Structure formats: structure tokens, C-alpha cells
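Q: My structure file model.txt, compact mmCIF, C-alpha atoms and all ligand atoms, is below:
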```
# COMPACT_ATOMS: atom_id res chain seq x y z
CA MET A 1 106.55 78.14 46.37
CA PRO A 2 107.13 75.83 49.36
CA ALA A 3 104.51 76.00 52.12
CA ASP A 4 105.54 77.95 55.20
CA PRO A 5 106.09 75.28 57.88
CA SER A 6 105.77 77.81 60.69
CA PRO A 7 102.46 77.92 62.58
CA VAL A 8 103.28 81.51 63.54
CA PRO A 9 101.20 84.11 61.70
CA PRO A 10 103.15 86.99 60.19
CA ALA A 11 103.79 89.67 62.83
CA ASP A 12 102.19 92.41 60.74
CA ARG A 13 98.81 90.68 60.65
CA PRO A 14 96.60 90.28 63.71
CA ALA A 15 96.27 86.61 64.54
CA PRO A 16 92.72 85.47 63.74
CA ALA A 17 91.01 84.23 66.87
CA ARG A 18 91.27 80.48 66.59
CA LEU A 19 94.75 80.61 65.20
CA ALA A 20 95.90 81.24 68.78
CA GLN A 21 95.19 77.63 69.60
CA ALA A 22 97.17 76.34 66.62
CA ALA A 23 100.03 78.70 67.36
CA LEU A 24 100.27 77.35 70.90
CA ALA A 25 99.88 73.71 70.00
CA ASP A 26 103.57 72.93 69.52
CA LEU A 27 104.97 74.83 72.47
CA PRO A 28 106.70 72.94 75.27
CA TRP A 29 104.68 72.81 78.47
CA GLN A 30 107.18 74.86 80.41
CA VAL A 31 106.78 77.66 82.90
CA GLY A 32 107.85 80.92 81.25
CA VAL A 33 107.80 79.49 77.73
CA ALA A 34 108.05 82.15 75.00
CA LYS A 35 104.85 82.58 72.96
CA PRO A 36 104.87 83.13 69.20
CA ASP A 37 103.07 86.47 69.47
CA PRO A 38 102.86 87.71 73.06
CA ALA A 39 100.57 90.63 73.91
CA LEU A 40 101.61 90.81 77.58
CA VAL A 41 105.09 90.03 78.87
CA VAL A 42 105.73 89.91 82.63
CA ASP A 43 109.21 89.86 84.18
CA GLY A 44 110.27 89.46 87.80
CA VAL A 45 107.04 90.77 89.31
CA THR A 46 106.83 90.34 93.07
CA ARG A 47 104.38 91.64 95.66
CA THR A 48 104.64 90.99 99.36
CA PHE A 49 102.20 91.79 102.13
CA GLY A 50 104.18 91.86 105.37
CA GLY A 51 105.99 88.54 105.43
CA LEU A 52 103.75 86.94 102.81
CA THR A 53 104.83 86.73 99.18
CA ALA A 54 101.51 87.01 97.35
CA VAL A 55 103.03 87.12 93.86
CA SER A 56 106.44 86.09 92.55
CA VAL A 57 106.34 85.64 88.78
CA ASP A 58 109.69 85.23 87.01
CA HIS A 59 108.51 85.30 83.42
CA LEU A 60 105.11 85.02 81.78
CA GLU A 61 103.94 85.67 78.25
CA ILE A 62 100.29 85.86 77.23
CA GLN A 63 99.55 84.96 73.64
CA ARG A 64 97.68 87.56 71.61
CA GLY A 65 94.19 86.67 70.40
CA GLY A 66 93.84 83.65 72.67
CA ILE A 67 92.00 82.83 75.87
CA THR A 68 94.41 82.13 78.70
CA GLY A 69 92.87 80.53 81.79
CA LEU A 70 94.57 81.46 85.06
CA ILE A 71 93.91 78.86 87.73
CA GLY A 72 95.22 78.05 91.19
CA PRO A 73 94.00 77.32 94.70
CA ASN A 74 92.51 80.06 96.90
CA GLY A 75 95.17 82.56 97.90
CA ALA A 76 97.48 81.58 95.02
CA GLY A 77 97.89 85.23 93.99
CA LYS A 78 95.68 85.38 90.89
CA THR A 79 93.73 88.50 91.87
CA THR A 80 96.89 90.20 93.15
CA LEU A 81 98.58 89.55 89.79
CA PHE A 82 95.54 91.06 88.01
CA ASN A 83 95.68 94.07 90.34
CA LEU A 84 99.36 94.59 89.57
CA LEU A 85 99.12 94.20 85.81
CA THR A 86 96.21 96.65 85.56
CA GLY A 87 97.62 99.36 87.83
CA PHE A 88 95.31 98.75 90.81
CA ASP A 89 98.28 97.78 92.97
CA GLN A 90 102.01 98.39 92.78
CA PRO A 91 104.61 95.59 92.90
CA ASP A 92 107.77 95.46 95.00
CA THR A 93 109.79 94.57 91.91
CA GLY A 94 109.28 93.76 88.27
CA THR A 95 108.29 95.03 84.85
CA TRP A 96 105.59 94.15 82.39
CA THR A 97 104.70 95.32 78.92
CA PHE A 98 101.75 95.36 76.60
CA ASP A 99 102.76 95.37 72.94
CA GLY A 100 106.27 96.26 74.01
CA GLN A 101 105.13 99.30 76.01
CA SER A 102 105.83 99.32 79.74
CA LEU A 103 102.72 99.42 81.92
CA GLY A 104 104.58 99.65 85.22
CA LYS A 105 103.64 102.54 87.54
CA LEU A 106 100.69 103.58 85.35
CA SER A 107 97.29 104.30 86.88
CA PRO A 108 94.38 101.98 86.00
CA HIS A 109 93.01 104.73 83.71
CA LYS A 110 96.20 104.89 81.72
CA VAL A 111 96.51 101.12 81.53
CA ALA A 112 92.91 101.00 80.27
CA ARG A 113 93.58 103.72 77.74
CA LEU A 114 96.44 101.68 76.35
CA GLY A 115 93.99 98.82 75.86
CA VAL A 116 94.19 96.60 78.96
CA VAL A 117 91.03 96.39 81.10
CA ARG A 118 89.85 94.09 83.86
CA THR A 119 86.76 93.08 85.76
CA PHE A 120 86.60 92.29 89.45
CA GLN A 121 86.04 89.09 91.40
CA LEU A 122 83.44 91.00 93.44
CA THR A 123 81.49 93.15 91.03
CA LYS A 124 81.96 96.87 91.23
CA ALA A 125 78.74 97.90 89.49
CA LEU A 126 77.41 100.93 91.31
CA SER A 127 74.03 100.00 92.76
CA ARG A 128 72.56 103.49 92.91
CA LEU A 129 73.31 104.31 89.30
CA THR A 130 71.29 103.03 86.40
CA VAL A 131 72.69 100.41 84.06
CA MET A 132 73.27 103.10 81.42
CA GLN A 133 74.97 105.43 83.91
CA ASN A 134 77.28 102.59 84.90
CA MET A 135 78.18 102.10 81.27
CA LEU A 136 78.88 105.80 80.71
CA LEU A 137 80.89 105.99 83.89
CA GLY A 138 82.89 103.04 82.59
CA ALA A 139 83.67 105.01 79.44
CA GLN A 140 84.74 108.03 81.53
CA ASP A 141 86.83 105.88 83.80
CA GLN A 142 88.60 104.30 80.97
CA ASN A 143 89.09 107.47 78.99
CA GLY A 144 90.35 109.23 82.07
CA GLU A 145 89.95 112.56 80.26
CA SER A 146 86.44 113.48 81.25
CA PHE A 147 87.43 116.61 83.15
CA LEU A 148 89.35 118.15 80.27
CA LYS A 149 86.69 117.16 77.80
CA ALA A 150 83.98 118.63 80.01
CA LEU A 151 85.62 122.04 79.59
CA VAL A 152 84.95 121.90 75.85
CA PRO A 153 81.15 121.45 75.67
CA GLY A 154 80.89 120.53 71.97
CA THR A 155 83.51 117.80 72.26
CA TRP A 156 81.95 116.48 75.40
CA ARG A 157 78.47 116.26 73.88
CA ARG A 158 79.73 114.51 70.78
CA GLN A 159 81.67 112.12 72.95
CA GLU A 160 78.64 111.49 75.15
CA THR A 161 76.42 110.69 72.17
CA ALA A 162 79.02 108.30 70.84
CA ASN A 163 79.36 106.71 74.27
CA THR A 164 75.59 106.30 74.63
CA GLU A 165 75.38 104.62 71.23
CA ARG A 166 78.26 102.35 72.05
CA ALA A 167 76.68 101.54 75.44
CA MET A 168 73.35 100.62 73.81
CA GLU A 169 75.16 98.39 71.34
CA LEU A 170 76.92 96.54 74.14
CA LEU A 171 73.84 96.35 76.38
CA THR A 172 71.93 94.80 73.48
CA ARG A 173 74.71 92.29 72.92
CA PHE A 174 74.65 91.36 76.60
CA LYS A 175 70.83 91.31 76.66
CA LEU A 176 70.68 94.13 79.17
CA ASP A 177 69.16 96.76 76.86
CA ALA A 178 65.70 96.41 78.42
CA LYS A 179 67.28 97.16 81.80
CA LYS A 180 69.14 100.30 80.77
CA ASP A 181 67.11 102.56 83.09
CA ASP A 182 67.01 100.13 86.02
CA PHE A 183 69.26 100.68 88.99
CA ALA A 184 72.20 98.29 88.88
CA GLY A 185 71.35 97.38 92.47
CA ILE A 186 68.25 95.44 91.41
CA LEU A 187 70.03 93.30 88.83
CA SER A 188 70.76 89.65 89.60
CA GLY A 189 74.35 88.64 90.38
CA GLY A 190 74.73 87.25 86.87
CA GLN A 191 73.37 90.38 85.24
CA ARG A 192 75.81 92.46 87.25
CA LYS A 193 78.68 90.34 86.00
CA LEU A 194 77.45 90.89 82.45
CA LEU A 195 77.12 94.61 83.11
CA GLU A 196 80.67 94.70 84.40
CA MET A 197 81.95 92.91 81.33
CA ALA A 198 79.94 95.21 79.04
CA ARG A 199 81.29 98.23 80.89
CA ALA A 200 84.86 97.01 80.49
CA LEU A 201 84.32 96.87 76.74
CA MET A 202 83.28 100.53 76.50
CA SER A 203 86.84 101.55 75.67
CA ASP A 204 87.36 98.96 72.91
CA PRO A 205 90.12 97.19 74.81
CA LYS A 206 92.66 94.86 73.29
CA VAL A 207 93.28 92.79 76.40
CA VAL A 208 90.43 91.86 78.77
CA MET A 209 91.25 90.36 82.15
CA LEU A 210 88.26 88.71 83.84
CA ASP A 211 88.55 87.75 87.50
CA GLU A 212 86.14 84.87 88.12
CA PRO A 213 83.44 86.12 85.76
CA ARG A 214 81.20 83.18 86.68
CA ALA A 215 81.35 83.67 90.44
CA GLY A 216 77.84 84.26 91.78
CA VAL A 217 76.25 83.67 88.40
CA ASN A 218 73.37 81.20 88.31
CA PRO A 219 73.76 78.22 85.98
CA ALA A 220 71.15 79.56 83.54
CA LEU A 221 73.34 82.57 82.79
CA THR A 222 76.65 80.71 82.85
CA GLN A 223 76.47 79.46 79.27
CA SER A 224 75.69 82.87 77.85
CA LEU A 225 78.46 84.38 79.94
CA LEU A 226 80.98 81.86 78.63
CA GLY A 227 79.66 82.51 75.13
CA HIS A 228 80.44 86.19 75.61
CA VAL A 229 83.97 85.36 76.72
CA LYS A 230 84.48 83.28 73.58
CA ASP A 231 83.05 86.13 71.49
CA LEU A 232 85.79 88.41 72.80
CA ARG A 233 88.32 86.07 71.22
CA GLU A 234 86.32 86.00 68.00
CA ASP A 235 86.53 89.79 67.98
CA GLY A 236 90.32 89.54 68.13
CA MET A 237 90.76 90.42 71.80
CA THR A 238 93.24 88.77 74.11
CA VAL A 239 91.51 87.30 77.15
CA VAL A 240 92.95 86.27 80.51
CA PHE A 241 90.42 84.83 82.90
CA VAL A 242 90.43 83.34 86.35
CA GLU A 243 88.25 80.29 86.84
CA HIS A 244 88.06 77.47 89.37
CA ASP A 245 86.00 74.89 87.50
CA MET A 246 88.32 72.67 85.42
CA ASP A 247 85.53 71.67 83.02
CA VAL A 248 84.97 75.31 82.17
CA VAL A 249 88.73 75.91 81.89
CA ARG A 250 89.04 72.98 79.49
CA ASP A 251 86.09 74.13 77.42
CA ILE A 252 87.15 77.71 77.02
CA SER A 253 90.93 78.14 77.25
CA ASP A 254 93.56 77.86 74.57
CA TRP A 255 96.28 77.87 77.20
CA VAL A 256 96.28 77.47 80.97
CA VAL A 257 98.60 79.08 83.52
CA VAL A 258 98.64 77.65 87.04
CA MET A 259 99.63 79.64 90.13
CA ALA A 260 100.29 78.37 93.64
CA ALA A 261 101.69 80.32 96.57
CA GLY A 262 102.43 83.31 94.32
CA LYS A 263 104.44 81.42 91.72
CA ILE A 264 103.56 80.05 88.32
CA ILE A 265 104.02 76.33 88.73
CA ALA A 266 102.81 75.09 85.34
CA GLU A 267 101.55 76.24 81.98
CA GLY A 268 100.34 74.37 78.94
CA PRO A 269 97.26 73.50 76.92
CA PRO A 270 94.23 72.58 79.04
CA GLU A 271 94.66 68.83 78.54
CA SER A 272 98.21 68.97 79.94
CA ILE A 273 97.20 70.47 83.26
CA SER A 274 95.31 67.70 84.98
CA GLN A 275 98.21 65.32 84.29
CA ASN A 276 100.73 67.64 85.92
CA LYS A 277 101.94 66.33 89.30
CA ASP A 278 102.87 69.79 90.62
CA VAL A 279 99.36 71.00 89.87
CA VAL A 280 97.71 68.04 91.56
CA ASP A 281 99.98 68.55 94.58
CA ALA A 282 99.22 72.28 94.71
CA TYR A 283 95.49 71.61 94.78
CA LEU A 284 95.61 68.72 97.20
CA GLY A 285 98.50 69.97 99.33
CA ALA A 286 101.97 68.60 98.66
CA HIS A 287 101.78 66.02 101.44
CA HIS A 288 98.28 64.73 101.00
CA ASP A 289 97.30 61.27 102.11
CA ALA A 290 98.42 59.41 99.00
CA PRO A 291 99.96 56.01 99.65
CA LEU A 292 103.73 55.87 99.82
CA THR A 293 105.50 54.85 96.64
CA ASN A 294 107.30 51.48 96.60
CA GLU A 295 110.63 53.20 97.07
CA GLU A 296 109.40 55.35 99.97
CA GLU A 297 107.83 52.35 101.64
CA ASP A 298 111.02 50.30 101.27
CA ARG A 299 113.15 53.11 102.63
CA VAL A 300 110.91 53.64 105.68
CA LEU A 301 110.83 49.90 106.34
CA ALA A 302 114.60 49.53 105.96
CA GLU A 303 115.21 52.42 108.36
CA ALA A 304 112.85 50.91 110.94
CA GLU A 305 114.42 47.47 110.64
CA ALA A 306 117.93 48.92 110.85
CA ALA A 307 116.95 50.76 114.03
CA ILE A 308 115.54 47.54 115.57
CA ALA A 309 118.64 45.62 114.51
CA ARG A 310 120.89 48.24 116.13
CA GLU A 311 118.91 48.04 119.34
CA GLU A 312 119.12 44.24 119.34
CA GLY A 313 122.85 44.35 118.60
CA VAL A 314 122.66 42.60 115.23
CA PRO A 315 125.80 43.51 113.21
CA THR A 316 124.86 45.87 110.36
CA GLY A 317 126.93 44.05 107.71
CA ALA A 318 124.71 40.93 107.70
CA SER A 319 121.68 43.00 108.22
CA PRO A 320 118.40 41.12 108.39
CA ALA A 321 116.90 44.45 107.44
CA GLU A 322 118.42 44.20 103.97
CA THR A 323 117.07 40.68 103.50
CA LEU A 324 113.64 41.64 104.76
CA SER A 325 113.68 44.78 102.71
CA SER A 326 114.49 43.01 99.44
CA GLU A 327 111.94 40.27 100.14
CA ARG A 328 109.39 42.92 100.84
CA THR A 329 110.28 44.75 97.64
CA GLY A 330 109.91 41.59 95.62
CA SER A 331 106.55 40.63 97.08
CA HIS A 332 105.31 44.20 96.74
CA ARG A 333 106.19 44.37 93.07
CA SER A 334 104.63 40.99 92.30
CA ALA A 335 101.50 41.99 94.22
CA THR A 336 101.13 45.09 92.07
CA ASP A 337 102.05 43.19 88.93
CA GLY A 338 105.23 45.22 88.61
CA THR A 339 103.32 48.39 87.92
CA ASP A 340 104.97 51.58 89.11
CA THR A 341 102.51 53.22 91.42
CA THR A 342 104.57 56.38 91.70
CA ARG A 343 102.30 59.41 91.65
N1 LIG A 401 95.69 93.79 100.49
C1 LIG A 401 96.18 92.68 101.01
N2 LIG A 401 96.77 92.70 102.24
C2 LIG A 401 97.31 91.59 102.78
N3 LIG A 401 97.30 90.37 102.18
C3 LIG A 401 96.73 90.30 100.98
C4 LIG A 401 96.14 91.43 100.32
N4 LIG A 401 95.66 91.05 99.11
C5 LIG A 401 95.92 89.73 99.02
N5 LIG A 401 96.56 89.29 100.12
C6 LIG A 401 97.04 87.90 100.34
O1 LIG A 401 97.78 87.53 99.21
C7 LIG A 401 97.54 86.17 98.87
C8 LIG A 401 97.02 86.08 97.46
O2 LIG A 401 95.70 86.57 97.44
P1 LIG A 401 94.85 86.66 96.11
O3 LIG A 401 93.56 87.33 96.45
O4 LIG A 401 95.66 87.28 95.04
O5 LIG A 401 94.60 85.12 95.77
P2 LIG A 401 93.66 84.47 94.68
O6 LIG A 401 94.50 83.48 93.94
O7 LIG A 401 92.97 85.51 93.89
O8 LIG A 401 92.63 83.66 95.58
P3 LIG A 401 91.06 83.35 95.34
O9 LIG A 401 91.01 82.15 94.42
O10 LIG A 401 90.57 83.01 96.71
O11 LIG A 401 90.43 84.57 94.78
C9 LIG A 401 96.56 85.65 99.92
O12 LIG A 401 97.30 85.01 100.93
C10 LIG A 401 95.91 86.92 100.43
O13 LIG A 401 95.46 86.74 101.77
MG MG A 402 91.01 86.03 93.58
```
Would you mind writing the file's structure down as C-alpha cells?
Ligand SMILES: Nc1ncnc2c1ncn2[C@@H]1O[C@H](COP(=O)(O)OP(=O)(O)OP(=O)(O)O)[C@@H](O)[C@H]1O
Ligand SMILES: [Mg+2]

A:
Amino acid sequence: MPADPSPVPPADRPAPARLAQAALADLPWQVGVAKPDPALVVDGVTRTFGGLTAVSVDHLEIQRGGITGLIGPNGAGKTTLFNLLTGFDQPDTGTWTFDGQSLGKLSPHKVARLGVVRTFQLTKALSRLTVMQNMLLGAQDQNGESFLKALVPGTWRRQETANTERAMELLTRFKLDAKKDDFAGILSGGQRKLLEMARALMSDPKVVMLDEPRAGVNPALTQSLLGHVKDLREDGMTVVFVEHDMDVVRDISDWVVVMAAGKIIAEGPPESISQNKDVVDAYLGAHHDAPLTNEEEDRVLAEAEAAIAREEGVPTGASPAETLSSERTGSHRSATDGTDTTR
């Protein structure tokens, strides 16, 4: 039997974690490119605040079983996009689906129940509750059925026991088990981030969206935190995470999506991103202080010389500007050894 040339795993089998990378390897580095096995599909999502367009995403697909890094300068719209996709905010326009099911207009509880959870840029661990209470509250939040269940005592107790066991399992995994009875308020910033991630996992999600999980985490905890993010992929989850440090993005992501001023301006494998001119411009500002290109320099010079010539009454046909300009071009090229210095 001939080998299947397609890198795409059969649709009826969940893509094993690292296969995500292979599946994405041959895709064109194009904004909106279709993924072989998308878990999330976003279409025409916009959100404005007054006159400001915070998010305007035409089309985005997030590959199942992979880690997608979402990057972009401050104010690019990353958190707003997370808020929209997880039901914490409502868009002006647009639709998005998880596994083909529309998530639009659903509350965060319902989105979570369908398998899509998120953590926050600023942690939302409740300081006056213990670590364990935070975890159990997370389970309630995400189930969204606590009130109904509470009316049926047997069910509720069984559920609570299961939740407590699950919470202990996760706290052990995140090395927070010894702190289960401590108030969340006395945890370090890093431990709170871990608690938030652990809490998000209480509902066995399929997609986990992490908004700057490393923010406020001291370097000693960073490695273990990134290890936990990679473990999510090993467990078959789809991860989208916001991160500013390009070294971390390169280390951890299978695919990178770049936002600027609300739009997606680039997507591709991590190594493609730092070479992308639009991305460099977005981070540095489109009109940063880079030297003019040869062409720009020649044009500016020619315009200036033409203006001087006009003022001095030199006829434009036999323009000294042209002569000067071409001489200048020649010397410029030879000085730079003919190399194109275009950014
Ligand atoms: N509730 C709001 N009301 C008004 N403007 C808002 C609101 N939320 C976000 N914005 C604006 O929308 C834009 C996008 O903000 P957002 O927080 O999504 O950016 P971000 O990419 O997450 O930035 P950062 O990297 O700083 O976290 C910003 O200009 C922000 O000021
Ligand atoms: Mg943000």
C-alpha cells in the first residue's frame, strides 16, 4: 500500500500532541490560512470602544492539539480577543466556533462547559478563599450548574467529592498541594498564576487560553510554568497563549499569530515571525528611524534638486537634478557594494 503523503492526521483520531507541529509545517505563512484540523474558527469578529477598533479579525483558525502563541504590542487587542472568544465580552460583529459549534452570545460558563477556558492577565484568584476553595469555586464556575445540583443533596455531595479529588490531583501536579489550606492572598504572584491555571483545568477543558501566564512570575517559577503549558499539549489540549518574550514564544509555540491595532498582521511558525517586515514595523512603529532605502533617498534628493532647479530657472528637460541623481545612485550602490539595503 502506498504511504499516505498527507501530513494531516485522519479526522476521526485526535491529533497526538507533537503532530500539530508537523501538520503546520507545510502551511503558507499567510494571515487567515486554513489549518488542517482547526479547533477554533473565527470570522469577522470586531469590537470597538467608542471610536477605537480594539479587535478586527477577518479569519483565524487555531490548530487542534497545538500551542499557538498570540503576540503583539501593548494595546494590540489580544486580551479583548480572548474576552470575546470566551464570552467575557460581546463583539459588534462576527462569529466563532469551537468544533463547529457556535460560541457567539454564550456566557463564560457555557463556553467553559463546552470545553473552552481562559486565564486572566491579572490573576483572579480570590485572596480571602483558601487554595482549595478557589479550586472548587473554579469547578462550580465552569459547571455553571451548582444551584440546580445543590437542590439534590446526594448528587451535590458526590460531585463535591469528585471535585475535591480532582482539585488535589491538580494541586499536586502544580506543586500547590501543601498550600491547599492557605489563603490564596498569601501566595506569591507565580503561585497565583499556577493556581489560576490549575483552576481552569478543573473542568477538563479542550481549549485553554492563557493571557500572559508568565506576567508577574519570578524567573525561578517561569520554567515550571512553561513546562505546565507544554504538558497541556501533551495531554491533547489546544493551547492559545499570550506572551511578550520572543525567546519564550519561539521555545514553546508551534504556530504564532501576530496582532497589531486590532488586526492579525501575520501568522506562521515561530521562526518566520522575526523575519516578517510587518511584524518588525508593528513593534517598532511603522515610521521608525531606519535609514531611507536607496530608492527613497534618490527620490527625496531628486525632488529637492528639481525644486532648486525650478527656483533657479534651469529648464527641466536638461535637468541637472537627473544627472546628479544618477551619479548619486551610482556612487551609493558602489559604496554599499551593490547590496540592497531595503528593510
Ligand atoms: N473596556 C474597555 N474600554 C475601552 N477601551 C478598551 C477596553 N478594553 C480594551 N480597550 C482598548 O482596546 C485596545 C486593546 O486592548 P487590549 O487590552 O485587548 O490589548 P492587549 O493586546 O491585550 O495589550 P497588552 O499587551 O497591554 O495586554 C487598547 O487600546 C485598550 O485601551
Ligand atoms: Mg492584554

Q: Which of these residues is nearest to ligand LIG 401 (chain A), using all atoms listed in the file: A:Glu243, A:Glu160, A:Glu169, A:Glu271?

A: A:Glu243

Q: Ligand LIG 401 (chain A): which residues are within 10 Å, counting only C-alpha atoms and all ligand atoms? Reply as number ranges by chain.

A: A: 47-55, 70-84, 89, 121-122, 211-212, 242-244, 258-262

Q: Measuring between all atoms listed in the file, which one of A:Leu210, A:Val117, A:Val42, A:Met132 shows the shortest distance to ligand MG 402 (chain A)?

A: A:Leu210

Q: Work out how far atom CA of A:Thr68 is from atom CA of A:Leu137, in Å to one decimal.

A: 27.9 Å

Q: With distances taken over only C-alpha atoms and all ligand atoms, which residue among A:Pro219, A:Pro213, A:Gly185, A:Gly227 lies nearest ligand MG 402 (chain A)?

A: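 Checking each of A:Pro219, A:Pro213, A:Gly185, A:Gly227 against ligand MG 402 (chain A), counting only C-alpha atoms and all ligand atoms, the winner is A:Pro213.
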